[in-house]
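Novice: This one is protein.csv, CSV, C-alpha atoms.
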chain,number,residue,atom,x,y,z
A,886,MET,CA,173.6,-10.3,23.4
A,887,ILE,CA,173.0,-9.4,27.0
A,888,ASP,CA,176.2,-9.6,29.1
A,889,LYS,CA,175.9,-12.4,31.8
A,890,ASN,CA,178.1,-10.3,34.1
A,891,VAL,CA,175.7,-7.4,34.0
A,892,VAL,CA,172.9,-9.7,35.0
A,893,ARG,CA,175.0,-11.2,37.7
A,894,GLU,CA,175.7,-7.8,39.2
A,895,ILE,CA,172.0,-6.9,39.2
A,896,VAL,CA,171.0,-10.2,40.8
A,897,GLU,CA,173.8,-9.9,43.4
A,898,GLN,CA,172.6,-6.4,44.2
A,899,TRP,CA,169.1,-7.7,45.0
A,900,LEU,CA,170.5,-10.7,47.0
A,901,LYS,CA,172.6,-8.4,49.2
A,902,ASP,CA,171.4,-8.6,52.9
A,903,LYS,CA,169.1,-11.5,52.0
A,904,GLU,CA,169.5,-15.1,53.0
A,905,TYR,CA,169.1,-16.2,49.4
A,906,PHE,CA,172.1,-17.1,47.3
A,907,LEU,CA,172.7,-17.3,43.6
A,908,VAL,CA,172.9,-20.8,42.1
A,909,ASP,CA,173.2,-20.1,38.4
A,910,ILE,CA,172.7,-17.6,35.6
A,911,GLU,CA,172.3,-18.6,32.0
A,912,VAL,CA,172.1,-16.2,29.1
A,913,SER,CA,171.4,-17.9,25.7
A,914,THR,CA,172.4,-16.4,22.3
A,915,ASP,CA,168.8,-15.4,21.8
A,916,ASP,CA,168.8,-13.4,25.1
A,917,ARG,CA,166.8,-15.8,27.2
A,918,ILE,CA,167.9,-15.2,30.8
A,919,VAL,CA,167.5,-17.9,33.4
A,920,VAL,CA,168.3,-17.1,37.0
A,921,GLU,CA,168.3,-19.8,39.7
A,922,ILE,CA,168.4,-18.8,43.4
A,923,ASP,CA,168.1,-20.9,46.5
A,924,HIS,CA,167.6,-20.6,50.3
A,925,ALA,CA,168.1,-22.9,53.2
A,926,ASP,CA,164.3,-23.0,53.8
A,927,GLY,CA,163.2,-23.1,50.2
A,928,VAL,CA,162.3,-20.3,47.7
A,929,TRP,CA,159.1,-18.4,47.9
A,930,ILE,CA,157.4,-17.5,44.6
A,931,GLU,CA,156.9,-13.9,45.8
A,932,ASP,CA,160.7,-13.5,46.1
A,933,CYS,CA,161.2,-14.8,42.5
A,934,VAL,CA,158.6,-12.3,41.3
A,935,ALA,CA,160.4,-9.5,43.3
A,936,LEU,CA,163.8,-10.5,41.8
A,937,SER,CA,162.3,-10.7,38.3
A,938,LYS,CA,160.9,-7.1,38.7
A,939,PHE,CA,164.2,-5.8,40.0
A,940,VAL,CA,166.1,-7.3,37.1
A,941,GLU,CA,163.6,-5.8,34.6
A,942,GLU,CA,163.9,-2.4,36.3
A,943,ASN,CA,167.7,-2.5,35.8
A,944,LEU,CA,167.8,-3.9,32.3
A,945,SER,CA,166.6,-1.8,29.4
A,946,ARG,CA,164.2,-3.5,27.0
A,947,ASP,CA,164.7,-0.4,24.8
A,948,GLU,CA,168.3,-1.4,24.2
A,949,GLN,CA,167.8,-5.1,23.9
A,950,ASP,CA,164.7,-7.4,24.1
A,951,TYR,CA,165.0,-10.4,26.3
A,952,GLU,CA,163.1,-13.2,28.0
A,953,LEU,CA,163.5,-13.6,31.7
A,954,GLU,CA,162.9,-16.6,34.0
A,955,VAL,CA,163.6,-16.5,37.7
A,956,GLY,CA,163.2,-19.6,39.8
A,957,SER,CA,164.6,-21.9,42.4
A,958,ALA,CA,167.1,-24.6,42.0
A,959,GLY,CA,164.9,-27.6,41.6
A,960,LEU,CA,164.4,-30.1,44.4
A,961,GLY,CA,166.2,-33.2,43.4
A,962,GLN,CA,168.4,-31.4,40.8
A,963,PRO,CA,172.2,-31.7,41.1
A,964,PHE,CA,173.9,-29.2,43.4
A,965,LYS,CA,175.8,-26.5,41.5
A,966,VAL,CA,177.3,-24.4,44.3
A,967,ALA,CA,178.9,-25.1,47.7
A,968,GLN,CA,176.1,-23.5,49.7
A,969,GLN,CA,173.7,-26.1,48.5
A,970,TYR,CA,175.9,-28.8,50.0
A,971,VAL,CA,176.0,-26.9,53.3
A,972,ASN,CA,172.2,-26.5,53.3
A,973,HIS,CA,171.8,-30.3,52.9
A,974,ILE,CA,174.1,-31.5,55.7
A,975,GLY,CA,172.3,-34.2,57.7
A,976,LYS,CA,170.1,-35.2,54.7
A,977,GLU,CA,170.2,-38.1,52.4
A,978,VAL,CA,172.0,-37.5,49.0
A,979,GLU,CA,173.0,-39.4,46.0
A,980,VAL,CA,176.5,-39.0,44.5
A,981,LEU,CA,177.4,-40.1,41.0
A,982,ALA,CA,181.2,-40.3,41.0
A,983,ALA,CA,183.3,-39.7,37.9
A,984,ASP,CA,183.8,-43.5,37.5
A,985,GLY,CA,180.0,-44.0,37.3
A,986,LYS,CA,179.7,-45.5,40.8
A,987,LYS,CA,176.6,-44.3,42.8
A,988,THR,CA,176.7,-43.7,46.5
A,989,GLN,CA,173.7,-43.0,48.6
A,990,GLY,CA,174.0,-41.8,52.2
A,991,ILE,CA,173.9,-39.0,54.6
A,992,LEU,CA,175.8,-35.8,53.8
A,993,THR,CA,177.8,-35.3,57.0
A,994,ALA,CA,180.4,-32.7,56.2
A,995,VAL,CA,181.3,-30.0,53.7
A,996,ASP,CA,184.8,-28.5,53.7
A,997,GLY,CA,185.5,-25.9,51.0
A,998,THR,CA,185.7,-28.0,47.8
A,999,SER,CA,185.0,-31.4,49.3
A,1000,PHE,CA,182.2,-33.2,51.1
A,1001,THR,CA,181.6,-36.4,53.0
A,1002,VAL,CA,178.8,-38.9,52.7
A,1003,THR,CA,178.3,-41.5,55.4
A,1004,THR,CA,176.8,-44.8,54.4
A,1005,GLN,CA,176.0,-48.0,56.3
A,1006,GLU,CA,177.9,-50.9,54.9
A,1007,LYS,CA,178.6,-54.5,55.9
A,1008,VAL,CA,182.2,-54.6,57.0
A,1009,LYS,CA,184.2,-57.8,57.8
A,1010,VAL,CA,185.6,-57.4,61.3
A,1011,GLU,CA,188.5,-59.5,62.5
A,1012,GLY,CA,187.4,-62.2,65.0
A,1013,LYS,CA,183.8,-62.2,63.8
A,1014,LYS,CA,182.3,-64.8,61.5
A,1015,ARG,CA,179.7,-62.5,60.0
A,1016,PRO,CA,180.1,-59.0,58.6
A,1017,VAL,CA,178.9,-56.1,60.8
A,1018,VAL,CA,177.0,-53.0,59.6
A,1019,GLU,CA,179.1,-49.9,60.3
A,1020,ASP,CA,179.1,-46.3,59.3
A,1021,VAL,CA,181.6,-45.7,56.5
A,1022,GLU,CA,182.7,-42.2,55.4
A,1023,HIS,CA,183.3,-41.4,51.7
A,1024,THR,CA,184.9,-38.1,50.8
A,1025,PHE,CA,184.4,-36.6,47.4
A,1026,ASP,CA,185.8,-33.5,45.6
A,1027,MET,CA,182.9,-31.4,44.4
A,1028,LYS,CA,184.4,-30.8,41.0
A,1029,ALA,CA,185.3,-34.5,40.5
A,1030,VAL,CA,181.8,-35.9,40.8
A,1031,LYS,CA,179.3,-36.0,37.9
A,1032,HIS,CA,176.6,-34.9,40.4
A,1033,CYS,CA,175.4,-34.8,44.0
A,1034,LYS,CA,171.7,-34.3,44.7
A,1035,TYR,CA,169.3,-34.4,47.5
A,1036,LEU,CA,167.2,-37.6,47.7
A,1037,PHE,CA,163.6,-36.9,48.8
A,1038,HIS,CA,161.2,-39.6,49.6
A,1039,VAL,CA,157.5,-39.4,48.8
Before anything else, please render the file you have as structure tokens.
Specialist:
Amino acid sequence: MIDKNVVREIVEQWLKDKEYFLVDIEVSTDDRIVVEIDHADGVWIEDCVALSKFVEENLSRDEQDYELEVGSAGLGQPFKVAQQYVNHIGKEVEVLAADGKKTQGILTAVDGTSFTVTTQEKVKVEGKKRPVVEDVEHTFDMKAVKHCKYLFHV
């Protein structure tokens, strides 16, 4: 079986001095390698092809046969790394908390391992008869949510 760390080193070597970042690498027991990369402005197919060729040049098919797939982290897929959160600041996201509660709002801040989503909610204000719509901040731990993903509207 191909060592995931070897693949990671090859990919990181290609990524060096580029604005792309690694999202995920999967190596299955039947040596199917899937590499996901991302970029603040999206991923170009030409760059996926270039990375694929670079990996193939640095892994010997004579030693072990493998299947290789290089692509982008899918739009609308859950975030896997902190840089994806950073790239989506100011955009609408959906968070599925560990308790199953969904929150939709604007991703307003990312701080290490946590992030903040601002929603507009009706809040009862003292001295007013009717609730007032206000911005409410919700802070989540990246590792404590089931997922957070970008919401795109068609």
Novice: Pick out the residues sitting within 9 Å of Leu936 in chain A, and hand them over as a VMD selection string; count only C-alpha atoms, and ignore anything fewer than 5 positions along from it in its own chain.
Specialist: chain A and resid 896 899 to 900 931 941 955
Novice: Work out how far CA of Ile974 in chain A is from CA of Ala994 in chain A, in Å to one decimal.
Specialist: 6.4 Å
Novice: Quick one: everything within 10 Å of Gln949 in chain A, counting all atoms listed in the file, minus sequence neighbours fewer than 4 positions away in the same chain. Send it as a PyMOL selection string.
Specialist: chain A and resi 886-887+916+944-945
Novice: For the selection you just gave me, I'd like the residues written to a file as a PDB file, in the coordinates of the input, keeping C-alpha atoms.
Specialist:
ATOM      1  CA  MET A 886     173.600 -10.300  23.400  1.00  0.00           C
ATOM      2  CA  ILE A 887     173.000  -9.400  27.000  1.00  0.00           C
ATOM      3  CA  ASP A 916     168.800 -13.400  25.100  1.00  0.00           C
ATOM      4  CA  LEU A 944     167.800  -3.900  32.300  1.00  0.00           C
ATOM      5  CA  SER A 945     166.600  -1.800  29.400  1.00  0.00           C
TER       6      SER A 945
END
Novice: Taking all listed atoms of range 942-953 of chain A, build the axis-aligned box, pad each of the six sides by 5 Å, then write its centre and edge lengths in Å to one decimal as AutoDock Vina command-line options.
Specialist:
--center_x 165.7 --center_y -7.0 --center_z 30.1 --size_x 15.2 --size_y 23.2 --size_z 22.4
Novice: Compare A:Lys938, A:His924, A:Arg917, A:Arg946 by their minimum atom-to-atom distance to Ala958 in chain A, counting only C-alpha atoms, and give me the closest one.
Specialist: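 Between A:Lys938, A:His924, A:Arg917, A:Arg946, the residue approaching Ala958 in chain A most closely is A:His924.
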Novice: Do you have the CA of Gln962 in chain A-CA of Val980 in chain A distance handy?
Specialist: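 Interatomic distance here is 11.7 Å.
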Novice: Between CA of Phe906 in chain A and CA of Leu953 in chain A, what is the spacing in Å?
Specialist: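 We find that CA of Leu953 in chain A and CA of Phe906 in chain A lie 18.2 Å from each other.
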Novice: Which polymer residues, whether protein, DNA or RNA, lie within 12 Å of the coordinate (172.8, -22.0, 41.4) when you count all atoms listed in the file? List them as a short mmCIF file (atom, residue, chain, number, x, y, z; two decimals) with C-alpha atoms, in the frame of the given file, using the chain letters and numbers from the file.
Specialist:
data_model
loop_
_atom_site.label_atom_id
_atom_site.label_comp_id
_atom_site.auth_asym_id
_atom_site.auth_seq_id
_atom_site.Cartn_x
_atom_site.Cartn_y
_atom_site.Cartn_z
CA ARG A 893 175.00 -11.20 37.70
CA VAL A 896 171.00 -10.20 40.80
CA TYR A 905 169.10 -16.20 49.40
CA PHE A 906 172.10 -17.10 47.30
CA LEU A 907 172.70 -17.30 43.60
CA VAL A 908 172.90 -20.80 42.10
CA ASP A 909 173.20 -20.10 38.40
CA ILE A 910 172.70 -17.60 35.60
CA GLU A 911 172.30 -18.60 32.00
CA VAL A 919 167.50 -17.90 33.40
CA VAL A 920 168.30 -17.10 37.00
CA GLU A 921 168.30 -19.80 39.70
CA ILE A 922 168.40 -18.80 43.40
CA ASP A 923 168.10 -20.90 46.50
CA HIS A 924 167.60 -20.60 50.30
CA VAL A 955 163.60 -16.50 37.70
CA GLY A 956 163.20 -19.60 39.80
CA SER A 957 164.60 -21.90 42.40
CA ALA A 958 167.10 -24.60 42.00
CA GLY A 959 164.90 -27.60 41.60
CA GLN A 962 168.40 -31.40 40.80
CA PRO A 963 172.20 -31.70 41.10
CA PHE A 964 173.90 -29.20 43.40
CA LYS A 965 175.80 -26.50 41.50
CA VAL A 966 177.30 -24.40 44.30
CA ALA A 967 178.90 -25.10 47.70
CA GLN A 968 176.10 -23.50 49.70
CA GLN A 969 173.70 -26.10 48.50
CA TYR A 970 175.90 -28.80 50.00
#
Novice: Under the rule that all atoms listed in the file are counted, which of A:Phe1037, A:Glu954, A:Thr1024, A:Asp984 is the nearest residue to Phe1000 in chain A?
Specialist: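 Distance minimum relative to Phe1000 in chain A lands on A:Thr1024.
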Novice: Skip Pro1016 in chain A itself and residues of its chain fewer than 2 positions away, then list as a list in words all residues within 6 Å of it, counting all atoms listed in the file.
Specialist: Lys1007, Val1008 and Lys1009 of chain A
Novice: My list of candidates is A:Glu1006, A:Asp947, A:Glu1011, A:Glu1022. Which is closest to Ile991 in chain A when distances are computed with all atoms listed in the file?
Specialist: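 Among A:Glu1006, A:Asp947, A:Glu1011, A:Glu1022, it is A:Glu1022 that comes nearest to Ile991 in chain A.
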Novice: Which is closer to Lys1034 in chain A than all the others in A:Lys901, A:Glu942, A:Gly927, A:Thr988, using all atoms listed in the file?
Specialist: A:Thr988
Novice: Nearest to Asp888 in chain A: which of A:His1032, A:Lys987, A:Asp932, A:Ser913 is it, counting all atoms listed in the file?
Specialist: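 Comparing A:His1032, A:Lys987, A:Asp932, A:Ser913 against Asp888 in chain A, the winner is A:Ser913.
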Novice: A:Val912, A:Tyr1035, A:Phe1025, A:Val934: which is nearest Ala983 in chain A, counting only C-alpha atoms?
Specialist: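 Checking each of A:Val912, A:Tyr1035, A:Phe1025, A:Val934 against Ala983 in chain A, counting only C-alpha atoms, the winner is A:Phe1025.
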